[in-house]
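Structure first, commentary second.
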Amino acid sequence: MRIVHTDDIIKLICEMSIEANYKLSNDIEKKIKGSEKQEKSTRGKEVLSILCENLEVASKELIPICQDTGMVVVFMKIGQEVSIQGIGLGEAINEGIRQGYEKGYLRKSIVGDPLIRKNTNDNTPGVIHYDIVEGSKIEIILSAKGFGSENTSRIYMLNPTDGVKEIKRVVLETVKMAGPNPCPPIFVGVGIGGTFEKAAILSKKALMRDFDSIQENKEIDILEQEILEEINKLGIGPGGLGGNTTALGVNIEVYPTHIAGLPVAINICCHANRHIKRIL
Ligand code: SF4
């Protein structure tokens, strides 16, 4: 049994919280930087150029990419041959977030009770998902999810016979309703199948998958490309000021579902799709 102490988890989560807010992953940065050439509208080009400059400044001067430094979402895969020692794991993750947001001068955006709305002043708690897997490693993906885009996400419980045509329709409807609010160009995560909550989690996970990675399921690969093309015909454009770059990527994750249903969740992320992966 491999022993991992929660002190190491706290330190790592602290570093990841800061880094995620200062620098985007290579795939996301590449998509944003490459988009200016393809954008046809002058205003759209200007917005993309400002976004690129913003990314440069943030990573060089170590300041957040956006003032909304997000709610932290953690996906943790824990090898079943690992024994975690120290304080409680959830407590350790939240301590790492607490330290990271303090040390990195990151805005604290979390309210402890959704109705009373008093700020917890340390950006905790995060939203944590655990998976137990084979092996003796721990994989951590941490995302700092902004709510301008989170608020525009949707879930649909489609009929089992609705199929691809209806899936496309609801994704496009969601992006159209979102308009300029999620700070386009956006990234779109789609979760298809499972149950109500499984589809939502899949859509969030889809946003964390490398946008340069190869989708092994050919039909889904085609669907991702077709949806991306159709979104970019909507004309919303960078910053919502018009243009052909509304989305920079669509990732779809699927899971088996019940014969009576077809859940489809659409999680929208702004261009600041901040996530970071580490193995412990
Ligand atoms: S949606 Fe994204 S870019 Fe817009 S304010 Fe929120 S975090 Fe920042």
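Ligands are numbered from 1 in the order shown, chains are lettered A, B, ... in the order of the structure tokens, and residues start at 1 in each chain.
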Taking only C-alpha atoms and all ligand atoms into account, which residues are within 10 Å of ligand 1, as a PyMOL selection string? chain A and resi 21+51+64-71+144-152+180-186+239+268-274
Filtering to N, CA, C and O atoms, could you give me those residues as a CSV table (one decimal), in the first residue's frame?
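Below is the file part00.csv, written as the result:
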```csv
chain,number,residue,atom,x,y,z
A,21,ASN,N,-5.2,29.7,-12.5
A,21,ASN,CA,-5.8,31.1,-12.6
A,21,ASN,C,-4.8,32.0,-13.4
A,21,ASN,O,-5.2,33.1,-13.9
A,51,LEU,N,-7.6,39.3,-26.1
A,51,LEU,CA,-7.6,38.1,-25.2
A,51,LEU,C,-6.2,37.5,-25.2
A,51,LEU,O,-5.7,37.1,-24.1
A,64,PRO,N,-4.2,37.0,-12.2
A,64,PRO,CA,-5.3,36.2,-12.8
A,64,PRO,C,-5.7,36.6,-14.2
A,64,PRO,O,-5.7,37.8,-14.5
A,65,ILE,N,-6.1,35.6,-15.0
A,65,ILE,CA,-6.5,35.8,-16.4
A,65,ILE,C,-7.8,36.6,-16.3
A,65,ILE,O,-8.1,37.5,-17.2
A,66,CYS,N,-8.7,36.3,-15.3
A,66,CYS,CA,-9.9,37.1,-15.2
A,66,CYS,C,-10.2,37.4,-13.7
A,66,CYS,O,-9.8,36.7,-12.8
A,67,GLN,N,-11.0,38.5,-13.6
A,67,GLN,CA,-11.3,38.9,-12.2
A,67,GLN,C,-12.2,37.8,-11.5
A,67,GLN,O,-12.2,37.6,-10.3
A,68,ASP,N,-13.0,37.1,-12.3
A,68,ASP,CA,-13.8,36.0,-11.7
A,68,ASP,C,-12.9,34.8,-11.7
A,68,ASP,O,-12.6,34.1,-12.7
A,69,THR,N,-12.3,34.5,-10.5
A,69,THR,CA,-11.4,33.4,-10.4
A,69,THR,C,-12.1,32.1,-10.1
A,69,THR,O,-11.4,31.1,-9.8
A,70,GLY,N,-13.4,32.1,-10.2
A,70,GLY,CA,-14.2,30.9,-10.2
A,70,GLY,C,-14.4,30.1,-8.9
A,70,GLY,O,-13.9,30.4,-7.9
A,71,MET,N,-15.3,29.1,-9.1
A,71,MET,CA,-15.5,28.1,-8.0
A,71,MET,C,-14.6,26.9,-8.4
A,71,MET,O,-14.6,26.5,-9.5
A,144,ALA,N,-11.0,26.1,-12.3
A,144,ALA,CA,-11.5,27.3,-11.6
A,144,ALA,C,-12.6,27.7,-12.5
A,144,ALA,O,-12.4,28.4,-13.6
A,145,LYS,N,-13.9,27.4,-12.2
A,145,LYS,CA,-15.0,27.6,-13.1
A,145,LYS,C,-15.7,28.9,-12.9
A,145,LYS,O,-16.3,29.1,-11.8
A,146,GLY,N,-15.6,29.8,-13.9
A,146,GLY,CA,-16.3,31.1,-13.8
A,146,GLY,C,-17.8,30.9,-14.0
A,146,GLY,O,-18.3,30.0,-14.7
A,147,PHE,N,-18.6,31.8,-13.4
A,147,PHE,CA,-20.0,31.6,-13.4
A,147,PHE,C,-20.7,32.4,-14.5
A,147,PHE,O,-21.9,32.1,-14.7
A,148,GLY,N,-20.0,33.3,-15.2
A,148,GLY,CA,-20.7,33.9,-16.3
A,148,GLY,C,-21.1,32.8,-17.3
A,148,GLY,O,-22.1,32.9,-17.9
A,149,SER,N,-20.2,31.8,-17.4
A,149,SER,CA,-20.5,30.7,-18.4
A,149,SER,C,-21.3,29.6,-17.7
A,149,SER,O,-22.2,29.0,-18.3
A,150,GLU,N,-21.0,29.3,-16.4
A,150,GLU,CA,-21.7,28.2,-15.7
A,150,GLU,C,-23.2,28.5,-15.7
A,150,GLU,O,-24.0,27.6,-15.9
A,151,ASN,N,-23.6,29.8,-15.6
A,151,ASN,CA,-25.0,30.2,-15.5
A,151,ASN,C,-25.7,29.9,-16.8
A,151,ASN,O,-27.0,29.9,-16.8
A,152,THR,N,-25.0,29.8,-17.9
A,152,THR,CA,-25.7,29.6,-19.2
A,152,THR,C,-25.8,28.1,-19.6
A,152,THR,O,-26.2,27.8,-20.7
A,180,PRO,N,-23.9,36.6,-25.6
A,180,PRO,CA,-22.6,37.1,-25.2
A,180,PRO,C,-22.2,36.8,-23.7
A,180,PRO,O,-21.1,37.1,-23.3
A,181,ASN,N,-23.2,36.3,-22.9
A,181,ASN,CA,-23.0,36.2,-21.5
A,181,ASN,C,-21.8,35.3,-21.0
A,181,ASN,O,-21.2,35.6,-20.0
A,182,PRO,N,-21.5,34.2,-21.7
A,182,PRO,CA,-20.3,33.4,-21.2
A,182,PRO,C,-19.0,33.9,-21.8
A,182,PRO,O,-18.0,33.1,-21.8
A,183,CYS,N,-18.9,35.1,-22.2
A,183,CYS,CA,-17.6,35.7,-22.7
A,183,CYS,C,-17.0,34.9,-23.8
A,183,CYS,O,-15.9,34.3,-23.7
A,184,PRO,N,-17.7,34.8,-25.0
A,184,PRO,CA,-17.2,34.0,-26.1
A,184,PRO,C,-15.9,34.6,-26.7
A,184,PRO,O,-15.7,35.8,-26.5
A,185,PRO,N,-15.0,33.8,-27.3
A,185,PRO,CA,-15.3,32.4,-27.7
A,185,PRO,C,-15.3,31.4,-26.6
A,185,PRO,O,-14.5,31.5,-25.6
A,186,ILE,N,-16.3,30.5,-26.7
A,186,ILE,CA,-16.5,29.5,-25.6
A,186,ILE,C,-16.0,28.1,-26.0
A,186,ILE,O,-15.6,27.8,-27.1
A,239,GLY,N,-16.5,38.0,-27.8
A,239,GLY,CA,-17.1,39.0,-27.0
A,239,GLY,C,-18.6,39.3,-27.3
A,239,GLY,O,-19.2,40.2,-26.8
A,268,ILE,N,-21.2,25.1,-20.5
A,268,ILE,CA,-20.5,26.1,-21.3
A,268,ILE,C,-19.4,26.7,-20.5
A,268,ILE,O,-19.5,26.9,-19.3
A,269,CYS,N,-18.2,26.8,-21.1
A,269,CYS,CA,-17.1,27.5,-20.5
A,269,CYS,C,-16.6,28.6,-21.4
A,269,CYS,O,-16.6,28.5,-22.6
A,270,CYS,N,-16.3,29.7,-20.7
A,270,CYS,CA,-15.7,30.9,-21.5
A,270,CYS,C,-14.4,30.5,-22.1
A,270,CYS,O,-13.8,29.4,-21.8
A,271,HIS,N,-13.8,31.5,-22.7
A,271,HIS,CA,-12.4,31.3,-23.3
A,271,HIS,C,-11.4,30.9,-22.2
A,271,HIS,O,-10.4,30.2,-22.4
A,272,ALA,N,-11.7,31.5,-21.0
A,272,ALA,CA,-10.8,31.2,-19.8
A,272,ALA,C,-11.2,29.8,-19.2
A,272,ALA,O,-11.6,29.7,-18.1
A,273,ASN,N,-11.0,28.8,-20.0
A,273,ASN,CA,-11.3,27.4,-19.6
A,273,ASN,C,-10.1,27.0,-18.8
A,273,ASN,O,-9.1,26.3,-19.3
A,274,ARG,N,-10.1,27.3,-17.5
A,274,ARG,CA,-8.9,27.1,-16.6
A,274,ARG,C,-9.0,25.8,-15.9
A,274,ARG,O,-9.9,25.5,-15.1
```
Please identify all polymer residues within 10 Å of Thr174 of chain A, counting only C-alpha atoms, omitting same-chain residues fewer than 2 positions from it, and present them as an MDAnalysis selection string. chainID A and resid 152:155 168:172 176:179 265:268
Which of segment 7-232 of chain A DSSP labels strand (DSSP E or B), written as a count of residues only: 44
Find the residues around segment 88-91 of chain A up to 7 Å (only C-alpha atoms counted), leave out those fewer than 3 positions away in its own chain, and share them as a VMD selection string. chain A and resid 6 94 to 95
Please, could you write that set of residues out with all heavy atoms as a compact mmCIF listing (two decimals), in the first residue's frame?
```txt
# COMPACT_ATOMS: atom_id res chain seq x y z
N THR A 6 -1.80 13.89 3.57
CA THR A 6 -2.64 15.01 3.12
C THR A 6 -1.86 16.35 3.06
O THR A 6 -2.27 17.26 2.35
CB THR A 6 -3.89 15.18 4.02
OG1 THR A 6 -3.50 15.13 5.38
CG2 THR A 6 -4.92 14.12 3.73
N ASN A 94 -9.95 21.34 0.54
CA ASN A 94 -10.42 22.71 0.82
C ASN A 94 -9.34 23.58 1.45
O ASN A 94 -9.26 24.77 1.16
CB ASN A 94 -11.68 22.66 1.70
CG ASN A 94 -12.91 22.32 0.87
OD1 ASN A 94 -13.07 22.83 -0.25
ND2 ASN A 94 -13.75 21.45 1.37
N GLU A 95 -8.47 22.97 2.24
CA GLU A 95 -7.36 23.74 2.83
C GLU A 95 -6.41 24.20 1.71
O GLU A 95 -5.91 25.32 1.73
CB GLU A 95 -6.62 22.89 3.87
CG GLU A 95 -5.48 23.59 4.58
CD GLU A 95 -5.86 24.90 5.27
OE1 GLU A 95 -7.01 25.07 5.70
OE2 GLU A 95 -4.97 25.79 5.36
```
Compare A:Lys45, A:Lys23, A:Arg98, A:Lys37 by their minimum atom-to-atom distance to Ile110 of chain A, counting only C-alpha atoms, and give me the closest one. A:Arg98
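Each of A:Val175, A:Ile214, A:Ile220, A:Ile3 was compared to Gly240 of chain A using only C-alpha atoms, and A:Val175 turns out to be the nearest.
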As a PDB file with N, CA, C and O atoms, in the first residue's frame, which residues of segment 72-213 of chain A does DSSP assign to alpha helix (DSSP H)?
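Result went into result.pdb, see below:
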```pdb
ATOM      1  N   LEU A  89      -9.706  13.837   3.653  1.00  0.00           N
ATOM      2  CA  LEU A  89      -9.309  14.227   2.297  1.00  0.00           C
ATOM      3  C   LEU A  89     -10.040  15.495   1.818  1.00  0.00           C
ATOM      4  O   LEU A  89      -9.425  16.409   1.259  1.00  0.00           O
ATOM      5  N   GLY A  90     -11.344  15.544   2.062  1.00  0.00           N
ATOM      6  CA  GLY A  90     -12.117  16.726   1.649  1.00  0.00           C
ATOM      7  C   GLY A  90     -11.616  17.984   2.349  1.00  0.00           C
ATOM      8  O   GLY A  90     -11.495  19.051   1.743  1.00  0.00           O
ATOM      9  N   GLU A  91     -11.283  17.813   3.621  1.00  0.00           N
ATOM     10  CA  GLU A  91     -10.767  18.930   4.421  1.00  0.00           C
ATOM     11  C   GLU A  91      -9.426  19.403   3.833  1.00  0.00           C
ATOM     12  O   GLU A  91      -9.150  20.603   3.741  1.00  0.00           O
ATOM     13  N   ALA A  92      -8.605  18.435   3.418  1.00  0.00           N
ATOM     14  CA  ALA A  92      -7.283  18.758   2.851  1.00  0.00           C
ATOM     15  C   ALA A  92      -7.438  19.510   1.522  1.00  0.00           C
ATOM     16  O   ALA A  92      -6.731  20.500   1.266  1.00  0.00           O
ATOM     17  N   ILE A  93      -8.348  19.056   0.690  1.00  0.00           N
ATOM     18  CA  ILE A  93      -8.555  19.721  -0.606  1.00  0.00           C
ATOM     19  C   ILE A  93      -9.003  21.165  -0.372  1.00  0.00           C
ATOM     20  O   ILE A  93      -8.486  22.106  -0.974  1.00  0.00           O
ATOM     21  N   ASN A  94      -9.946  21.344   0.538  1.00  0.00           N
ATOM     22  CA  ASN A  94     -10.425  22.705   0.820  1.00  0.00           C
ATOM     23  C   ASN A  94      -9.341  23.580   1.447  1.00  0.00           C
ATOM     24  O   ASN A  94      -9.263  24.771   1.164  1.00  0.00           O
ATOM     25  N   GLU A  95      -8.469  22.967   2.239  1.00  0.00           N
ATOM     26  CA  GLU A  95      -7.363  23.741   2.828  1.00  0.00           C
ATOM     27  C   GLU A  95      -6.409  24.203   1.713  1.00  0.00           C
ATOM     28  O   GLU A  95      -5.910  25.324   1.725  1.00  0.00           O
ATOM     29  N   GLY A  96      -6.177  23.318   0.744  1.00  0.00           N
ATOM     30  CA  GLY A  96      -5.327  23.684  -0.397  1.00  0.00           C
ATOM     31  C   GLY A  96      -5.926  24.838  -1.185  1.00  0.00           C
ATOM     32  O   GLY A  96      -5.232  25.778  -1.583  1.00  0.00           O
ATOM     33  N   ILE A  97      -7.246  24.785  -1.391  1.00  0.00           N
ATOM     34  CA  ILE A  97      -7.939  25.877  -2.113  1.00  0.00           C
ATOM     35  C   ILE A  97      -7.794  27.174  -1.307  1.00  0.00           C
ATOM     36  O   ILE A  97      -7.444  28.227  -1.835  1.00  0.00           O
ATOM     37  N   ARG A  98      -8.054  27.054  -0.002  1.00  0.00           N
ATOM     38  CA  ARG A  98      -7.974  28.221   0.899  1.00  0.00           C
ATOM     39  C   ARG A  98      -6.599  28.883   0.799  1.00  0.00           C
ATOM     40  O   ARG A  98      -6.478  30.079   0.575  1.00  0.00           O
ATOM     41  N   GLN A  99      -5.559  28.064   0.912  1.00  0.00           N
ATOM     42  CA  GLN A  99      -4.189  28.610   0.873  1.00  0.00           C
ATOM     43  C   GLN A  99      -3.867  29.195  -0.500  1.00  0.00           C
ATOM     44  O   GLN A  99      -3.253  30.245  -0.621  1.00  0.00           O
ATOM     45  N   GLY A 100      -4.273  28.505  -1.550  1.00  0.00           N
ATOM     46  CA  GLY A 100      -3.984  28.960  -2.916  1.00  0.00           C
ATOM     47  C   GLY A 100      -4.632  30.300  -3.223  1.00  0.00           C
ATOM     48  O   GLY A 100      -4.016  31.199  -3.783  1.00  0.00           O
ATOM     49  N   TYR A 101      -5.913  30.436  -2.831  1.00  0.00           N
ATOM     50  CA  TYR A 101      -6.621  31.678  -3.153  1.00  0.00           C
ATOM     51  C   TYR A 101      -6.086  32.847  -2.330  1.00  0.00           C
ATOM     52  O   TYR A 101      -6.130  33.999  -2.778  1.00  0.00           O
ATOM     53  N   GLU A 102      -5.552  32.561  -1.141  1.00  0.00           N
ATOM     54  CA  GLU A 102      -4.972  33.615  -0.307  1.00  0.00           C
ATOM     55  C   GLU A 102      -3.604  34.016  -0.879  1.00  0.00           C
ATOM     56  O   GLU A 102      -3.330  35.179  -1.145  1.00  0.00           O
ATOM     57  N   LYS A 103      -2.779  32.988  -1.096  1.00  0.00           N
ATOM     58  CA  LYS A 103      -1.405  33.231  -1.547  1.00  0.00           C
ATOM     59  C   LYS A 103      -1.358  33.852  -2.952  1.00  0.00           C
ATOM     60  O   LYS A 103      -0.505  34.677  -3.259  1.00  0.00           O
ATOM     61  N   PHE A 147     -18.570  31.787 -13.367  1.00  0.00           N
ATOM     62  CA  PHE A 147     -20.025  31.586 -13.388  1.00  0.00           C
ATOM     63  C   PHE A 147     -20.745  32.356 -14.492  1.00  0.00           C
ATOM     64  O   PHE A 147     -21.928  32.143 -14.712  1.00  0.00           O
ATOM     65  N   GLY A 148     -20.037  33.255 -15.171  1.00  0.00           N
ATOM     66  CA  GLY A 148     -20.664  33.891 -16.342  1.00  0.00           C
ATOM     67  C   GLY A 148     -21.054  32.812 -17.331  1.00  0.00           C
ATOM     68  O   GLY A 148     -22.129  32.854 -17.946  1.00  0.00           O
ATOM     69  N   SER A 149     -20.195  31.815 -17.445  1.00  0.00           N
ATOM     70  CA  SER A 149     -20.485  30.717 -18.374  1.00  0.00           C
ATOM     71  C   SER A 149     -21.281  29.599 -17.704  1.00  0.00           C
ATOM     72  O   SER A 149     -22.165  29.007 -18.320  1.00  0.00           O
ATOM     73  N   GLU A 150     -20.981  29.339 -16.425  1.00  0.00           N
ATOM     74  CA  GLU A 150     -21.701  28.246 -15.725  1.00  0.00           C
ATOM     75  C   GLU A 150     -23.209  28.509 -15.735  1.00  0.00           C
ATOM     76  O   GLU A 150     -24.015  27.599 -15.919  1.00  0.00           O
ATOM     77  N   GLY A 163     -32.553  11.241 -30.743  1.00  0.00           N
ATOM     78  CA  GLY A 163     -31.345  11.081 -31.572  1.00  0.00           C
ATOM     79  C   GLY A 163     -30.530  12.345 -31.789  1.00  0.00           C
ATOM     80  O   GLY A 163     -30.731  13.380 -31.143  1.00  0.00           O
ATOM     81  N   VAL A 164     -29.616  12.226 -32.761  1.00  0.00           N
ATOM     82  CA  VAL A 164     -28.605  13.254 -33.018  1.00  0.00           C
ATOM     83  C   VAL A 164     -29.204  14.612 -33.384  1.00  0.00           C
ATOM     84  O   VAL A 164     -28.717  15.656 -32.944  1.00  0.00           O
ATOM     85  N   LYS A 165     -30.294  14.587 -34.177  1.00  0.00           N
ATOM     86  CA  LYS A 165     -30.883  15.847 -34.641  1.00  0.00           C
ATOM     87  C   LYS A 165     -31.325  16.712 -33.451  1.00  0.00           C
ATOM     88  O   LYS A 165     -31.063  17.913 -33.394  1.00  0.00           O
ATOM     89  N   GLU A 166     -31.957  16.073 -32.483  1.00  0.00           N
ATOM     90  CA  GLU A 166     -32.456  16.805 -31.317  1.00  0.00           C
ATOM     91  C   GLU A 166     -31.291  17.204 -30.397  1.00  0.00           C
ATOM     92  O   GLU A 166     -31.317  18.287 -29.788  1.00  0.00           O
ATOM     93  N   ILE A 167     -30.282  16.352 -30.320  1.00  0.00           N
ATOM     94  CA  ILE A 167     -29.106  16.710 -29.505  1.00  0.00           C
ATOM     95  C   ILE A 167     -28.485  17.991 -30.057  1.00  0.00           C
ATOM     96  O   ILE A 167     -28.198  18.935 -29.322  1.00  0.00           O
ATOM     97  N   LYS A 168     -28.317  18.027 -31.381  1.00  0.00           N
ATOM     98  CA  LYS A 168     -27.747  19.243 -32.002  1.00  0.00           C
ATOM     99  C   LYS A 168     -28.623  20.445 -31.714  1.00  0.00           C
ATOM    100  O   LYS A 168     -28.136  21.527 -31.398  1.00  0.00           O
ATOM    101  N   ARG A 169     -29.930  20.242 -31.824  1.00  0.00           N
ATOM    102  CA  ARG A 169     -30.851  21.370 -31.634  1.00  0.00           C
ATOM    103  C   ARG A 169     -30.719  21.961 -30.224  1.00  0.00           C
ATOM    104  O   ARG A 169     -30.624  23.169 -30.060  1.00  0.00           O
ATOM    105  N   VAL A 170     -30.642  21.074 -29.203  1.00  0.00           N
ATOM    106  CA  VAL A 170     -30.598  21.614 -27.838  1.00  0.00           C
ATOM    107  C   VAL A 170     -29.244  22.267 -27.533  1.00  0.00           C
ATOM    108  O   VAL A 170     -29.174  23.246 -26.790  1.00  0.00           O
ATOM    109  N   VAL A 171     -28.181  21.749 -28.125  1.00  0.00           N
ATOM    110  CA  VAL A 171     -26.868  22.390 -27.899  1.00  0.00           C
ATOM    111  C   VAL A 171     -26.883  23.782 -28.527  1.00  0.00           C
ATOM    112  O   VAL A 171     -26.495  24.777 -27.900  1.00  0.00           O
ATOM    113  N   LEU A 172     -27.383  23.856 -29.752  1.00  0.00           N
ATOM    114  CA  LEU A 172     -27.422  25.166 -30.428  1.00  0.00           C
ATOM    115  C   LEU A 172     -28.352  26.141 -29.707  1.00  0.00           C
ATOM    116  O   LEU A 172     -28.035  27.323 -29.572  1.00  0.00           O
ATOM    117  N   GLU A 173     -29.467  25.622 -29.226  1.00  0.00           N
ATOM    118  CA  GLU A 173     -30.409  26.466 -28.481  1.00  0.00           C
ATOM    119  C   GLU A 173     -29.730  27.038 -27.235  1.00  0.00           C
ATOM    120  O   GLU A 173     -29.864  28.221 -26.910  1.00  0.00           O
ATOM    121  N   THR A 174     -28.963  26.181 -26.539  1.00  0.00           N
ATOM    122  CA  THR A 174     -28.261  26.616 -25.323  1.00  0.00           C
ATOM    123  C   THR A 174     -27.245  27.705 -25.644  1.00  0.00           C
ATOM    124  O   THR A 174     -27.156  28.723 -24.947  1.00  0.00           O
ATOM    125  N   VAL A 175     -26.497  27.510 -26.713  1.00  0.00           N
ATOM    126  CA  VAL A 175     -25.466  28.505 -27.080  1.00  0.00           C
ATOM    127  C   VAL A 175     -26.134  29.816 -27.508  1.00  0.00           C
ATOM    128  O   VAL A 175     -25.681  30.906 -27.138  1.00  0.00           O
ATOM    129  N   LYS A 176     -27.245  29.702 -28.256  1.00  0.00           N
ATOM    130  CA  LYS A 176     -27.962  30.905 -28.704  1.00  0.00           C
ATOM    131  C   LYS A 176     -28.498  31.680 -27.511  1.00  0.00           C
ATOM    132  O   LYS A 176     -28.371  32.901 -27.434  1.00  0.00           O
ATOM    133  N   MET A 177     -29.099  30.956 -26.550  1.00  0.00           N
ATOM    134  CA  MET A 177     -29.652  31.622 -25.358  1.00  0.00           C
ATOM    135  C   MET A 177     -28.536  32.291 -24.551  1.00  0.00           C
ATOM    136  O   MET A 177     -28.723  33.329 -23.950  1.00  0.00           O
ATOM    137  N   ALA A 178     -27.374  31.652 -24.553  1.00  0.00           N
ATOM    138  CA  ALA A 178     -26.236  32.196 -23.789  1.00  0.00           C
ATOM    139  C   ALA A 178     -25.767  33.520 -24.387  1.00  0.00           C
ATOM    140  O   ALA A 178     -25.397  34.447 -23.662  1.00  0.00           O
ATOM    141  N   PHE A 196     -29.756  11.981 -14.840  1.00  0.00           N
ATOM    142  CA  PHE A 196     -29.774  13.453 -14.791  1.00  0.00           C
ATOM    143  C   PHE A 196     -28.420  14.009 -14.321  1.00  0.00           C
ATOM    144  O   PHE A 196     -27.787  14.828 -14.991  1.00  0.00           O
ATOM    145  N   GLU A 197     -27.930  13.494 -13.164  1.00  0.00           N
ATOM    146  CA  GLU A 197     -26.700  14.064 -12.604  1.00  0.00           C
ATOM    147  C   GLU A 197     -25.459  13.557 -13.337  1.00  0.00           C
ATOM    148  O   GLU A 197     -24.469  14.281 -13.471  1.00  0.00           O
ATOM    149  N   LYS A 198     -25.527  12.321 -13.853  1.00  0.00           N
ATOM    150  CA  LYS A 198     -24.368  11.774 -14.556  1.00  0.00           C
ATOM    151  C   LYS A 198     -24.087  12.591 -15.830  1.00  0.00           C
ATOM    152  O   LYS A 198     -22.936  12.889 -16.153  1.00  0.00           O
ATOM    153  N   ALA A 199     -25.159  12.954 -16.533  1.00  0.00           N
ATOM    154  CA  ALA A 199     -24.981  13.736 -17.765  1.00  0.00           C
ATOM    155  C   ALA A 199     -24.316  15.078 -17.447  1.00  0.00           C
ATOM    156  O   ALA A 199     -23.418  15.534 -18.174  1.00  0.00           O
ATOM    157  N   ALA A 200     -24.719  15.693 -16.333  1.00  0.00           N
ATOM    158  CA  ALA A 200     -24.134  16.994 -15.958  1.00  0.00           C
ATOM    159  C   ALA A 200     -22.649  16.835 -15.634  1.00  0.00           C
ATOM    160  O   ALA A 200     -21.824  17.650 -16.056  1.00  0.00           O
ATOM    161  N   ILE A 201     -22.304  15.778 -14.907  1.00  0.00           N
ATOM    162  CA  ILE A 201     -20.887  15.558 -14.554  1.00  0.00           C
ATOM    163  C   ILE A 201     -20.072  15.261 -15.819  1.00  0.00           C
ATOM    164  O   ILE A 201     -18.957  15.759 -15.985  1.00  0.00           O
ATOM    165  N   LEU A 202     -20.666  14.483 -16.721  1.00  0.00           N
ATOM    166  CA  LEU A 202     -19.956  14.188 -17.984  1.00  0.00           C
ATOM    167  C   LEU A 202     -19.672  15.473 -18.758  1.00  0.00           C
ATOM    168  O   LEU A 202     -18.603  15.622 -19.367  1.00  0.00           O
ATOM    169  N   SER A 203     -20.644  16.372 -18.755  1.00  0.00           N
ATOM    170  CA  SER A 203     -20.460  17.614 -19.536  1.00  0.00           C
ATOM    171  C   SER A 203     -19.340  18.465 -18.935  1.00  0.00           C
ATOM    172  O   SER A 203     -18.592  19.119 -19.650  1.00  0.00           O
ATOM    173  N   LYS A 204     -19.220  18.425 -17.620  1.00  0.00           N
ATOM    174  CA  LYS A 204     -18.121  19.160 -16.961  1.00  0.00           C
ATOM    175  C   LYS A 204     -16.787  18.487 -17.285  1.00  0.00           C
ATOM    176  O   LYS A 204     -15.800  19.147 -17.602  1.00  0.00           O
ATOM    177  N   LYS A 205     -16.787  17.137 -17.220  1.00  0.00           N
ATOM    178  CA  LYS A 205     -15.551  16.401 -17.532  1.00  0.00           C
ATOM    179  C   LYS A 205     -15.123  16.646 -18.976  1.00  0.00           C
ATOM    180  O   LYS A 205     -13.935  16.716 -19.270  1.00  0.00           O
ATOM    181  N   ALA A 206     -16.097  16.792 -19.854  1.00  0.00           N
ATOM    182  CA  ALA A 206     -15.794  17.016 -21.270  1.00  0.00           C
ATOM    183  C   ALA A 206     -14.983  18.302 -21.455  1.00  0.00           C
ATOM    184  O   ALA A 206     -14.107  18.388 -22.318  1.00  0.00           O
ATOM    185  N   LEU A 207     -15.261  19.297 -20.605  1.00  0.00           N
ATOM    186  CA  LEU A 207     -14.520  20.568 -20.706  1.00  0.00           C
ATOM    187  C   LEU A 207     -13.066  20.433 -20.281  1.00  0.00           C
ATOM    188  O   LEU A 207     -12.230  21.258 -20.611  1.00  0.00           O
ATOM    189  N   MET A 208     -12.768  19.381 -19.517  1.00  0.00           N
ATOM    190  CA  MET A 208     -11.400  19.178 -19.003  1.00  0.00           C
ATOM    191  C   MET A 208     -10.575  18.305 -19.944  1.00  0.00           C
ATOM    192  O   MET A 208      -9.374  18.196 -19.781  1.00  0.00           O
TER     193      MET A 208
END
```
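In this model, the gap between atom CA of Ser49 of chain A and atom CA of Leu24 of chain A comes to 15.9 Å.
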Point-to-point distance from atom CA of Asn159 of chain A to atom CA of Ile259 of chain A, Å rounded to tenths: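 About the pair atom CA of Asn159 of chain A and atom CA of Ile259 of chain A: they are 9.7 Å apart.
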Out of A:Ile132, A:Ile141, A:Ala20, A:Lys30, which residue has the shortest atom-to-atom distance to Lys277 of chain A when counting only C-alpha atoms?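 Among A:Ile132, A:Ile141, A:Ala20, A:Lys30, it is A:Ile141 that comes nearest to Lys277 of chain A.
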Name all residues at most 9 Å from Arg43 of chain A (count only C-alpha atoms; drop same-chain ones fewer than 4 positions away) and give them as a list in words.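 Near Arg43 of chain A, the qualifying residues are Val47, Leu48, Pro238, Leu241, Gly242 and Gly243 of chain A.
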Could you write out that same residue set with N, CA and C atoms as an mmCIF file, in the first residue's frame?
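This is the output file result21.cif:
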```cif
data_model
loop_
_atom_site.group_PDB
_atom_site.id
_atom_site.type_symbol
_atom_site.label_atom_id
_atom_site.label_comp_id
_atom_site.auth_asym_id
_atom_site.auth_seq_id
_atom_site.Cartn_x
_atom_site.Cartn_y
_atom_site.Cartn_z
ATOM 1 N N VAL A 47 -11.039 41.680 -30.597
ATOM 2 C CA VAL A 47 -11.320 41.041 -29.297
ATOM 3 C C VAL A 47 -10.340 39.893 -29.068
ATOM 4 N N LEU A 48 -10.117 39.083 -30.091
ATOM 5 C CA LEU A 48 -9.219 37.927 -29.938
ATOM 6 C C LEU A 48 -7.789 38.384 -29.657
ATOM 7 N N PRO A 238 -16.567 36.691 -31.100
ATOM 8 C CA PRO A 238 -15.774 37.019 -29.911
ATOM 9 C C PRO A 238 -16.376 38.194 -29.131
ATOM 10 N N LEU A 241 -19.676 40.252 -30.097
ATOM 11 C CA LEU A 241 -19.750 41.441 -30.964
ATOM 12 C C LEU A 241 -19.852 41.071 -32.441
ATOM 13 N N GLY A 242 -20.167 39.806 -32.708
ATOM 14 C CA GLY A 242 -20.323 39.346 -34.083
ATOM 15 C C GLY A 242 -19.057 38.735 -34.631
ATOM 16 N N GLY A 243 -19.243 37.723 -35.471
ATOM 17 C CA GLY A 243 -18.081 37.071 -36.075
ATOM 18 C C GLY A 243 -18.297 35.579 -36.186
#
```
Point out the residue among A:Asn251, A:Gln85, A:Thr246, A:Asn123 with the least atom-to-atom distance to Val4 of chain A, counting only C-alpha atoms.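 Smallest distance to Val4 of chain A is found for A:Gln85.
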